[in-house]
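One file, model.pdb, carrying PDB, C-alpha atoms:
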MODEL        1
ATOM      1  CA  MET D   1       0.000   0.000   0.000
ATOM      2  CA  VAL D   2       1.232   3.493  -0.888
ATOM      3  CA  THR D   3       0.046   6.387   1.277
ATOM      4  CA  TYR D   4       0.168   9.843  -0.320
ATOM      5  CA  HIS D   5       0.274  12.983   1.813
ATOM      6  CA  PRO D   6      -0.193  16.178  -0.265
ATOM      7  CA  GLY D   7       2.069  19.041   0.658
ATOM      8  CA  ILE D   8       5.710  20.002   0.627
ATOM      9  CA  ILE D   9       8.670  17.617   0.322
ATOM     10  CA  ASN D  10      10.506  17.920   3.621
ATOM     11  CA  GLY D  11      13.810  16.188   2.801
ATOM     12  CA  GLY D  12      16.434  15.958   5.536
ATOM     13  CA  GLU D  13      18.149  12.862   6.967
ATOM     14  CA  LEU D  14      16.217   9.660   6.302
ATOM     15  CA  SER D  15      16.807   5.915   6.151
ATOM     16  CA  HIS D  16      14.844   3.119   4.524
ATOM     17  CA  GLN D  17      15.123  -0.668   4.398
ATOM     18  CA  CYS D  18      14.221  -1.639   0.827
ATOM     19  CA  PRO D  19      12.470  -5.021   0.427
ATOM     20  CA  THR D  20      14.368  -7.712  -1.445
ATOM     21  CA  SER D  21      11.590  -7.908  -4.043
ATOM     22  CA  ARG D  22      13.120  -4.855  -5.790
ATOM     23  CA  ALA D  23      16.586  -3.366  -5.893
ATOM     24  CA  ILE D  24      17.644  -0.046  -4.359
ATOM     25  CA  GLY D  25      17.580   1.591  -7.791
ATOM     26  CA  TYR D  26      13.803   1.136  -7.937
ATOM     27  CA  PHE D  27      13.442   3.443  -4.920
ATOM     28  CA  LEU D  28      16.358   5.726  -5.721
ATOM     29  CA  GLU D  29      15.184   6.825  -9.184
ATOM     30  CA  PRO D  30      12.045   8.697  -7.970
ATOM     31  CA  LEU D  31      14.081  10.226  -5.131
ATOM     32  CA  ILE D  32      16.452  11.748  -7.704
ATOM     33  CA  SER D  33      13.537  13.541  -9.371
ATOM     34  CA  LEU D  34      12.037  14.727  -6.058
ATOM     35  CA  ALA D  35      15.149  15.685  -4.063
ATOM     36  CA  PRO D  36      15.983  18.997  -5.864
ATOM     37  CA  PHE D  37      12.546  20.368  -4.949
ATOM     38  CA  ALA D  38      12.559  19.535  -1.239
ATOM     39  CA  LYS D  39      12.517  21.997   1.650
ATOM     40  CA  THR D  40      15.915  20.857   2.968
ATOM     41  CA  PRO D  41      18.706  18.932   1.199
ATOM     42  CA  PHE D  42      18.291  15.156   0.988
ATOM     43  CA  ASP D  43      20.563  12.860   3.001
ATOM     44  CA  ILE D  44      19.025   9.402   2.776
ATOM     45  CA  THR D  45      20.464   5.948   3.449
ATOM     46  CA  LEU D  46      18.981   2.964   1.627
ATOM     47  CA  THR D  47      19.725  -0.698   2.336
ATOM     48  CA  GLY D  48      18.900  -3.710   0.171
ATOM     49  CA  ILE D  49      19.948  -5.129  -3.206
ATOM     50  CA  THR D  50      22.415  -2.931  -5.091
ATOM     51  CA  ASN D  51      22.662  -4.882  -8.389
ATOM     52  CA  ASP D  52      20.271  -7.160 -10.245
ATOM     53  CA  ASN D  53      18.913  -7.643 -13.761
ATOM     54  CA  VAL D  54      15.550  -5.962 -13.146
ATOM     55  CA  ASP D  55      16.164  -2.451 -11.810
ATOM     56  CA  THR D  56      18.853   0.127 -12.556
ATOM     57  CA  SER D  57      21.948  -0.569 -10.464
ATOM     58  CA  VAL D  58      23.504   1.940  -8.089
ATOM     59  CA  ASP D  59      26.642   1.980 -10.276
ATOM     60  CA  VAL D  60      24.766   3.241 -13.343
ATOM     61  CA  ILE D  61      22.847   5.743 -11.240
ATOM     62  CA  ARG D  62      26.114   7.100  -9.826
ATOM     63  CA  THR D  63      28.040   7.221 -13.119
ATOM     64  CA  VAL D  64      25.259   8.079 -15.609
ATOM     65  CA  LEU D  65      22.101   9.540 -14.071
ATOM     66  CA  LEU D  66      23.644  11.853 -11.462
ATOM     67  CA  PRO D  67      26.171  13.483 -13.852
ATOM     68  CA  GLN D  68      23.297  14.424 -16.153
ATOM     69  CA  LEU D  69      21.799  16.587 -13.414
ATOM     70  CA  ARG D  70      24.541  19.149 -14.091
ATOM     71  CA  ARG D  71      22.937  20.124 -17.382
ATOM     72  CA  PHE D  72      19.809  21.145 -15.488
ATOM     73  CA  GLY D  73      21.695  23.249 -12.930
ATOM     74  CA  ILE D  74      22.139  20.651 -10.158
ATOM     75  CA  SER D  75      25.903  20.334  -9.872
ATOM     76  CA  GLU D  76      27.135  20.893  -6.312
ATOM     77  CA  ASN D  77      27.000  18.396  -3.437
ATOM     78  CA  VAL D  78      25.309  15.616  -5.437
ATOM     79  CA  GLU D  79      26.716  12.350  -4.138
ATOM     80  CA  LEU D  80      25.906   8.653  -4.082
ATOM     81  CA  LYS D  81      28.222   6.665  -1.816
ATOM     82  CA  ILE D  82      28.178   2.862  -1.981
ATOM     83  CA  SER D  83      29.111   1.647   1.516
ATOM     84  CA  LYS D  84      28.145  -2.022   1.117
ATOM     85  CA  ARG D  85      27.339  -4.273  -1.813
ATOM     86  CA  GLY D  86      24.233  -6.441  -1.771
ATOM     87  CA  ALA D  87      23.600  -9.056  -4.434
ATOM     88  CA  ALA D  88      20.281 -10.749  -5.097
ATOM     89  CA  PRO D  89      18.350 -12.428  -3.599
ATOM     90  CA  LEU D  90      19.228 -11.508   0.028
ATOM     91  CA  GLY D  91      20.697  -8.032  -0.477
ATOM     92  CA  GLY D  92      22.514  -6.479   2.445
ATOM     93  CA  GLY D  93      23.906  -3.524   0.507
ATOM     94  CA  GLN D  94      23.894   0.089   1.678
ATOM     95  CA  VAL D  95      24.116   3.414  -0.164
ATOM     96  CA  ASN D  96      23.897   7.031   0.914
ATOM     97  CA  PHE D  97      22.348   9.633  -1.398
ATOM     98  CA  LYS D  98      22.839  13.369  -0.941
ATOM     99  CA  CYS D  99      21.292  16.068  -3.118
ATOM    100  CA  PRO D 100      21.011  19.865  -2.753
ATOM    101  CA  ILE D 101      17.872  21.897  -3.378
ATOM    102  CA  ILE D 102      17.397  24.396  -6.185
ATOM    103  CA  ARG D 103      14.940  27.118  -7.083
ATOM    104  CA  ALA D 104      14.339  26.108 -10.694
ATOM    105  CA  LEU D 105      15.848  23.962 -13.427
ATOM    106  CA  LYS D 106      17.836  25.278 -16.375
ATOM    107  CA  PRO D 107      16.682  24.756 -19.985
ATOM    108  CA  VAL D 108      18.552  22.044 -21.892
ATOM    109  CA  GLN D 109      19.081  21.621 -25.632
ATOM    110  CA  PHE D 110      21.281  18.577 -26.086
ATOM    111  CA  THR D 111      21.096  17.234 -29.636
ATOM    112  CA  ASP D 112      24.711  16.577 -30.691
ATOM    113  CA  ALA D 113      25.632  12.990 -29.859
ATOM    114  CA  GLY D 114      29.286  13.253 -30.912
ATOM    115  CA  LEU D 115      31.673  10.302 -31.200
ATOM    116  CA  VAL D 116      32.656   7.807 -28.516
ATOM    117  CA  LYS D 117      36.044   8.793 -27.052
ATOM    118  CA  ARG D 118      36.384   6.387 -24.119
ATOM    119  CA  ILE D 119      34.675   3.526 -22.306
ATOM    120  CA  ARG D 120      34.788   2.967 -18.571
ATOM    121  CA  GLY D 121      33.303   0.239 -16.416
ATOM    122  CA  ILE D 122      33.033  -1.313 -12.964
ATOM    123  CA  ALA D 123      33.269  -5.074 -12.370
ATOM    124  CA  TYR D 124      32.435  -6.028  -8.806
ATOM    125  CA  ALA D 125      32.388  -9.297  -6.893
ATOM    126  CA  THR D 126      31.197 -10.077  -3.361
ATOM    127  CA  ARG D 127      31.851 -13.212  -1.304
ATOM    128  CA  MET D 128      33.605 -14.709  -4.328
ATOM    129  CA  SER D 129      37.115 -14.990  -5.675
ATOM    130  CA  PRO D 130      38.516 -11.714  -7.064
ATOM    131  CA  GLN D 131      39.144 -13.642 -10.271
ATOM    132  CA  MET D 132      35.420 -13.379 -11.040
ATOM    133  CA  ALA D 133      35.739  -9.615 -11.497
ATOM    134  CA  ASN D 134      38.959 -10.018 -13.505
ATOM    135  CA  ARG D 135      37.368 -12.570 -15.834
ATOM    136  CA  MET D 136      34.420 -10.263 -16.531
ATOM    137  CA  MET D 137      36.774  -7.369 -17.181
ATOM    138  CA  GLU D 138      39.007  -9.280 -19.615
ATOM    139  CA  SER D 139      36.124 -10.740 -21.634
ATOM    140  CA  ALA D 140      34.420  -7.337 -21.968
ATOM    141  CA  ARG D 141      37.681  -5.630 -22.972
ATOM    142  CA  SER D 142      38.361  -8.287 -25.610
ATOM    143  CA  VAL D 143      35.162  -7.213 -27.375
ATOM    144  CA  LEU D 144      35.360  -3.444 -26.892
ATOM    145  CA  THR D 145      39.032  -2.919 -27.771
ATOM    146  CA  ARG D 146      38.280  -4.000 -31.330
ATOM    147  CA  TYR D 147      36.534  -0.636 -31.797
ATOM    148  CA  ILE D 148      38.274   1.802 -29.442
ATOM    149  CA  PRO D 149      41.603   1.573 -27.562
ATOM    150  CA  ASP D 150      40.646   3.725 -24.556
ATOM    151  CA  VAL D 151      38.826   1.075 -22.504
ATOM    152  CA  TYR D 152      39.386   0.804 -18.755
ATOM    153  CA  ILE D 153      37.296  -1.328 -16.392
ATOM    154  CA  TYR D 154      37.814  -1.028 -12.642
ATOM    155  CA  THR D 155      37.550  -4.101 -10.412
ATOM    156  CA  ASP D 156      35.766  -3.676  -7.104
ATOM    157  CA  VAL D 157      35.994  -6.649  -4.727
ATOM    158  CA  TYR D 158      34.158  -6.613  -1.386
ATOM    159  CA  LYS D 159      34.837  -8.887   1.576
ATOM    160  CA  GLY D 160      33.591  -9.221   5.131
ATOM    161  CA  ALA D 161      30.852  -6.949   6.436
ATOM    162  CA  GLU D 162      30.826  -4.834   3.261
ATOM    163  CA  SER D 163      30.026  -7.789   0.983
ATOM    164  CA  GLY D 164      26.325  -8.159   1.772
ATOM    165  CA  ASN D 165      24.394 -11.299   2.599
ATOM    166  CA  CYS D 166      25.081 -13.508  -0.425
ATOM    167  CA  PRO D 167      27.635 -13.975  -3.209
ATOM    168  CA  GLY D 168      27.318 -12.217  -6.543
ATOM    169  CA  TYR D 169      29.051 -10.268  -9.280
ATOM    170  CA  ALA D 170      28.050  -7.715 -11.901
ATOM    171  CA  LEU D 171      29.441  -5.479 -14.632
ATOM    172  CA  SER D 172      28.399  -1.974 -15.701
ATOM    173  CA  LEU D 173      29.832  -0.160 -18.739
ATOM    174  CA  VAL D 174      29.636   3.531 -19.697
ATOM    175  CA  ALA D 175      30.670   5.069 -23.015
ATOM    176  CA  GLU D 176      31.437   8.807 -23.045
ATOM    177  CA  THR D 177      31.288  10.811 -26.269
ATOM    178  CA  THR D 178      33.069  13.985 -27.384
ATOM    179  CA  THR D 179      29.967  16.006 -26.414
ATOM    180  CA  ASP D 180      29.753  14.452 -22.917
ATOM    181  CA  ALA D 181      26.856  12.144 -23.756
ATOM    182  CA  LEU D 182      26.772   9.031 -21.557
ATOM    183  CA  ILE D 183      25.653   5.621 -22.853
ATOM    184  CA  SER D 184      25.434   2.692 -20.448
ATOM    185  CA  THR D 185      24.549  -0.972 -20.050
ATOM    186  CA  GLU D 186      24.839  -3.489 -17.234
ATOM    187  CA  CYS D 187      24.524  -7.189 -16.427
ATOM    188  CA  ALA D 188      24.425  -8.995 -13.093
ATOM    189  CA  TYR D 189      24.910 -12.563 -11.950
ATOM    190  CA  GLN D 190      21.686 -14.358 -11.094
ATOM    191  CA  PRO D 191      21.628 -17.634  -9.126
ATOM    192  CA  ARG D 192      20.207 -20.607 -10.960
ATOM    193  CA  LYS D 193      16.696 -21.671 -10.012
ATOM    194  CA  LYS D 194      15.605 -25.205  -9.397
ATOM    195  CA  ALA D 195      13.868 -26.922 -12.300
ATOM    196  CA  THR D 196      10.055 -26.769 -12.015
ATOM    197  CA  THR D 197       7.115 -27.146 -14.324
ATOM    198  CA  GLU D 198       5.311 -24.056 -15.573
ATOM    199  CA  LYS D 199       2.304 -24.756 -13.348
ATOM    200  CA  GLU D 200       4.420 -25.310 -10.233
ATOM    201  CA  SER D 201       6.466 -22.199 -10.986
ATOM    202  CA  PHE D 202       3.377 -19.989 -11.227
ATOM    203  CA  GLN D 203       1.901 -21.404  -8.022
ATOM    204  CA  GLU D 204       5.138 -20.874  -6.126
ATOM    205  CA  LYS D 205       5.436 -17.259  -7.252
ATOM    206  CA  GLY D 206       1.929 -16.308  -6.306
ATOM    207  CA  GLY D 207       2.389 -12.628  -7.101
ATOM    208  CA  VAL D 208       3.287 -10.130  -9.795
ATOM    209  CA  THR D 209       6.418  -8.940  -7.981
ATOM    210  CA  ASP D 210       8.136 -12.312  -8.192
ATOM    211  CA  MET D 211       7.372 -12.526 -11.915
ATOM    212  CA  LEU D 212       9.551  -9.439 -12.537
ATOM    213  CA  VAL D 213      12.713 -11.484 -12.051
ATOM    214  CA  ASN D 214      14.095 -12.257 -15.486
ATOM    215  CA  ASP D 215      15.630 -15.520 -16.647
ATOM    216  CA  TYR D 216      19.084 -14.313 -17.709
ATOM    217  CA  GLN D 217      21.553 -17.035 -16.822
ATOM    218  CA  PHE D 218      25.301 -16.639 -17.309
ATOM    219  CA  PRO D 219      27.173 -19.945 -17.060
ATOM    220  CA  THR D 220      30.506 -18.157 -16.607
ATOM    221  CA  PRO D 221      31.749 -14.607 -15.861
ATOM    222  CA  GLU D 222      33.080 -14.504 -19.437
ATOM    223  CA  ASP D 223      29.550 -14.908 -20.802
ATOM    224  CA  LEU D 224      28.354 -12.032 -18.642
ATOM    225  CA  GLY D 225      31.198  -9.782 -19.773
ATOM    226  CA  VAL D 226      30.681 -10.505 -23.465
ATOM    227  CA  ARG D 227      26.923  -9.971 -23.239
ATOM    228  CA  CYS D 228      27.329  -6.654 -21.418
ATOM    229  CA  ALA D 229      29.872  -5.449 -23.987
ATOM    230  CA  ARG D 230      27.615  -6.395 -26.884
ATOM    231  CA  GLN D 231      24.699  -4.629 -25.232
ATOM    232  CA  LEU D 232      26.812  -1.476 -25.002
ATOM    233  CA  LEU D 233      27.691  -1.690 -28.693
ATOM    234  CA  THR D 234      24.004  -2.077 -29.518
ATOM    235  CA  GLU D 235      23.144   0.961 -27.383
ATOM    236  CA  ILE D 236      25.856   3.013 -29.116
ATOM    237  CA  LYS D 237      24.538   1.946 -32.521
ATOM    238  CA  LYS D 238      21.097   3.353 -31.653
ATOM    239  CA  GLY D 239      22.615   6.823 -31.421
ATOM    240  CA  GLY D 240      21.226   9.820 -29.558
ATOM    241  CA  THR D 241      22.459  11.995 -26.709
ATOM    242  CA  VAL D 242      20.488  10.084 -24.060
ATOM    243  CA  ASP D 243      20.629   6.335 -23.545
ATOM    244  CA  THR D 244      17.654   4.096 -22.794
ATOM    245  CA  ILE D 245      18.127   4.197 -19.009
ATOM    246  CA  SER D 246      18.230   8.027 -18.873
ATOM    247  CA  GLN D 247      15.298   8.876 -21.147
ATOM    248  CA  TRP D 248      12.743   9.264 -18.358
ATOM    249  CA  LEU D 249      14.837  11.681 -16.281
ATOM    250  CA  ASN D 250      15.605  14.044 -19.166
ATOM    251  CA  LEU D 251      12.007  14.084 -20.367
ATOM    252  CA  LEU D 252      10.716  14.826 -16.856
ATOM    253  CA  PHE D 253      13.116  17.719 -16.225
ATOM    254  CA  ILE D 254      12.366  19.222 -19.639
ATOM    255  CA  ALA D 255       8.629  18.991 -18.887
ATOM    256  CA  ILE D 256       8.888  20.722 -15.486
ATOM    257  CA  GLY D 257      11.713  23.050 -16.544
ATOM    258  CA  PRO D 258      11.462  26.766 -17.382
ATOM    259  CA  GLU D 259       9.083  28.044 -20.040
ATOM    260  CA  ASP D 260      11.679  27.613 -22.740
ATOM    261  CA  VAL D 261      12.292  25.051 -25.464
ATOM    262  CA  GLY D 262      14.094  21.909 -24.330
ATOM    263  CA  LYS D 263      15.455  19.333 -26.778
ATOM    264  CA  ILE D 264      17.095  15.927 -26.586
ATOM    265  CA  ARG D 265      17.893  13.235 -29.145
ATOM    266  CA  VAL D 266      17.154   9.566 -28.453
ATOM    267  CA  GLY D 267      18.048   6.469 -30.422
ATOM    268  CA  SER D 268      14.649   4.813 -30.139
ATOM    269  CA  LEU D 269      11.543   5.153 -28.018
ATOM    270  CA  THR D 270      11.026   2.202 -25.692
ATOM    271  CA  PRO D 271       7.495   1.101 -24.695
ATOM    272  CA  PHE D 272       8.176   2.550 -21.240
ATOM    273  CA  THR D 273       9.109   5.939 -22.734
ATOM    274  CA  VAL D 274       5.982   5.985 -24.916
ATOM    275  CA  GLN D 275       3.752   5.442 -21.882
ATOM    276  CA  TYR D 276       5.841   7.917 -19.880
ATOM    277  CA  LEU D 277       5.179  10.635 -22.489
ATOM    278  CA  ARG D 278       1.469   9.969 -22.128
ATOM    279  CA  ASP D 279       1.726  10.282 -18.348
ATOM    280  CA  LEU D 280       3.589  13.596 -18.645
ATOM    281  CA  LYS D 281       0.783  14.919 -20.819
ATOM    282  CA  THR D 282      -1.813  13.725 -18.311
ATOM    283  CA  PHE D 283      -0.149  15.229 -15.238
ATOM    284  CA  PHE D 284       1.514  18.368 -16.625
ATOM    285  CA  GLY D 285      -0.293  18.969 -19.915
ATOM    286  CA  VAL D 286       3.059  18.873 -21.733
ATOM    287  CA  THR D 287       3.256  17.513 -25.273
ATOM    288  CA  PHE D 288       6.554  16.636 -26.934
ATOM    289  CA  LYS D 289       7.141  17.192 -30.622
ATOM    290  CA  MET D 290       8.808  14.122 -32.136
ATOM    291  CA  THR D 291      10.896  14.596 -35.288
ATOM    292  CA  PRO D 292      12.494  11.480 -36.805
ATOM    293  CA  ASP D 293      15.961  11.983 -38.281
ATOM    294  CA  LYS D 294      16.343   9.698 -41.305
ATOM    295  CA  GLU D 295      20.072  10.275 -41.625
ATOM    296  CA  THR D 296      21.007   9.217 -38.081
ATOM    297  CA  HIS D 297      17.926   7.013 -37.455
ATOM    298  CA  THR D 298      17.255   8.883 -34.234
ATOM    299  CA  VAL D 299      14.299  10.835 -32.840
ATOM    300  CA  LEU D 300      14.443  14.496 -31.778
ATOM    301  CA  LEU D 301      12.136  15.309 -28.841
ATOM    302  CA  ALA D 302      11.293  18.950 -28.111
ATOM    303  CA  SER D 303       8.890  20.633 -25.714
ATOM    304  CA  VAL D 304       8.292  23.783 -23.647
ATOM    305  CA  GLY D 305       8.403  23.357 -19.866
ATOM    306  CA  VAL D 306       5.679  24.355 -17.432
ATOM    307  CA  GLY D 307       8.007  26.631 -15.440
ATOM    308  CA  PHE D 308       7.863  24.694 -12.164
ATOM    309  CA  THR D 309       9.704  26.351  -9.267
ATOM    310  CA  ASN D 310      10.606  25.158  -5.791
ATOM    311  CA  VAL D 311       8.538  27.402  -3.538
ATOM    312  CA  ASN D 312      10.104  25.769  -0.479
ATOM    313  CA  LYS D 313      13.580  27.146  -1.158
ATOM    314  CA  ARG D 314      14.289  30.487   0.429
ATOM    315  CA  VAL D 315      15.550  33.273  -1.805
ATOM    316  CA  ASN D 316      18.817  34.728  -0.505
TER     317      ASN D 316
ENDMDL
END
Whole structure, structure tokens version:
Amino acid sequence: MVTYHPGIINGGELSHQCPTSRAIGYFLEPLISLAPFAKTPFDITLTGITNDNVDTSVDVIRTVLLPQLRRFGISENVELKISKRGAAPLGGGQVNFKCPIIRALKPVQFTDAGLVKRIRGIAYATRMSPQMANRMMESARSVLTRYIPDVYIYTDVYKGAESGNCPGYALSLVAETTTDALISTECAYQPRKKATTEKESFQEKGGVTDMLVNDYQFPTPEDLGVRCARQLLTEIKKGGTVDTISQWLNLLFIAIGPEDVGKIRVGSLTPFTVQYLRDLKTFFGVTFKMTPDKETHTVLLASVGVGFTNVNKRVN
């Protein structure tokens, strides 16, 4: 059950234990959109699963979503600190999110995708041999270095109290272009499930939440690394200045931004983005003009914001 209390967003120091049915990213994404408009700066600690194959991981949020806030005027004191890792299904991870408050967003016109100049990544492993992270890193680099030499993947190995409640490993990759566009993908290890019939499986789940868990299985860390690298190449091929994971945030901030034209370029509209555009029109009355670009096979999205301002922030 979700209880809604109309009024101001208070902010301040908070903590929340996220259920293991969804990862921390599921709860952190809406907080990113709400935090700049609170009464006091956000300082919230979330515990739970940090990486899985369903929700956006904390690594991608830290390296892709948060840097994009700078374009909208949110640049100082934005921080996401990963204190503990927590793999599925038991979690045990912990992150701390801090965000300042602002009066209003800045208009953004970001349509030049540029060329990929470097690729960075994070391969982590918890309660497993450090070789798991190294194997993911080497397999991903073997694919990506065929196209660009500047590829560096950091290994992040956690042990003891910082390693969560169960073993796991994951890989996140980010490509940065000459115009500072960020394109990302990620893959995470998922424990094998016991073999059951379709009827038994449905009866055991008994709810929609459990059915969200996908069936990606990676026999070895090398398979995970190669798949993640190929997903990144596919995302780069789509083009655009905003990747699939970041589409919702840019569209929202353009919609509630100043009464000026905001533009972004996307590679393709996902079913989620299509429904999200409908929701923005329902709640804010904002309609985006979509212009397909036949040369780059991308879509240009443009709209005028509603001029939303944070009335809770004091004017100095």
>> For a test of reading the model, state the distance in Å between atom CA of Cys99 of chain D and atom CA of Glu76 of chain D, rounded to one decimal.
In response: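 One can read the atom CA of Cys99 of chain D to atom CA of Glu76 of chain D distance as 8.2 Å.
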> If the PyMOL selection byres ((chain D and resi 221-228) around 6) is run on the structure shown, which residues does it catch, given as a list in words?
Replying inline: Arg135, Met136, Ser139, Ala140, Glu186, Cys187, Phe218, Thr220, Ala229, Arg230 and Gln231 of chain D
Write the residues of the selection above to a file with C-alpha atoms, as a short mmCIF file (atom, residue, chain, number, x, y, z; two decimals), in the coordinates of the input.
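Okay, this is what ended up in result-v6.cif:
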data_model
loop_
_atom_site.label_atom_id
_atom_site.label_comp_id
_atom_site.auth_asym_id
_atom_site.auth_seq_id
_atom_site.Cartn_x
_atom_site.Cartn_y
_atom_site.Cartn_z
CA ARG D 135 37.37 -12.57 -15.83
CA MET D 136 34.42 -10.26 -16.53
CA SER D 139 36.12 -10.74 -21.63
CA ALA D 140 34.42 -7.34 -21.97
CA GLU D 186 24.84 -3.49 -17.23
CA CYS D 187 24.52 -7.19 -16.43
CA PHE D 218 25.30 -16.64 -17.31
CA THR D 220 30.51 -18.16 -16.61
CA ALA D 229 29.87 -5.45 -23.99
CA ARG D 230 27.62 -6.40 -26.88
CA GLN D 231 24.70 -4.63 -25.23
#
> Written as a ChimeraX atom specification, what is the full residue list that the PyMOL selection byres ((chain D and resi 32-38) around 8) yields on the file shown?
Replying inline: /D:8-11,28-31,39-42,74,99-103,249,309-310,312-313
>> Tell me which residues come within 10 Å of (35.5, -0.5, -10.2), as a ChimeraX atom specification, counting all atoms listed in the file in the file's coordinates.
In response: /D:59,120-125,133,137,152-157,171-172
> Which residues come within 7 Å of segment 236-241 of chain D, counting only C-alpha atoms, excluding same-chain residues fewer than 2 positions away, as a ChimeraX atom specification?
Replying inline: /D:110-113,181,183,232-234,243,264-268,298
>> the PyMOL selection byres ((chain D and resi 14-18) around 12) - which residues does that actually catch in the file I just gave you? List them as a ChimeraX atom specification.
In response: /D:10-13,19-28,31,40-50,86,90-98
Centre and size of axis-aligned box enclosing segment 35-51 of chain D plus 6 Å each side, as AutoDock Vina command-line options:
--center_x 17.6 --center_y 8.4 --center_z -2.5 --size_x 22.1 --size_y 39.1 --size_z 23.8
> Could you pull the residues within 9 Å of Val116 of chain D, counting all atoms listed in the file, minus those fewer than 3 positions along the same chain, as a list in words?
Replying inline: Ala113, Ile119, Ile148, Ala175, Glu176, Thr177, Thr178, Thr179, Ala181 and Ile236 of chain D
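Atom CA of Ile254 of chain D is positioned 7.0 Å from atom CA of Pro107 of chain D.
As for atom CA of Thr3 of chain D and atom CA of Phe283 of chain D, they are spaced 18.7 Å apart.
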>> I'd like the contact shell of Gln109 of chain D - 8 Å cut-off, all atoms listed in the file, skipping same-chain residues fewer than 5 positions apart - returned as JSON, numbers by chain.
In response: {"D": [261, 262, 263, 264]}
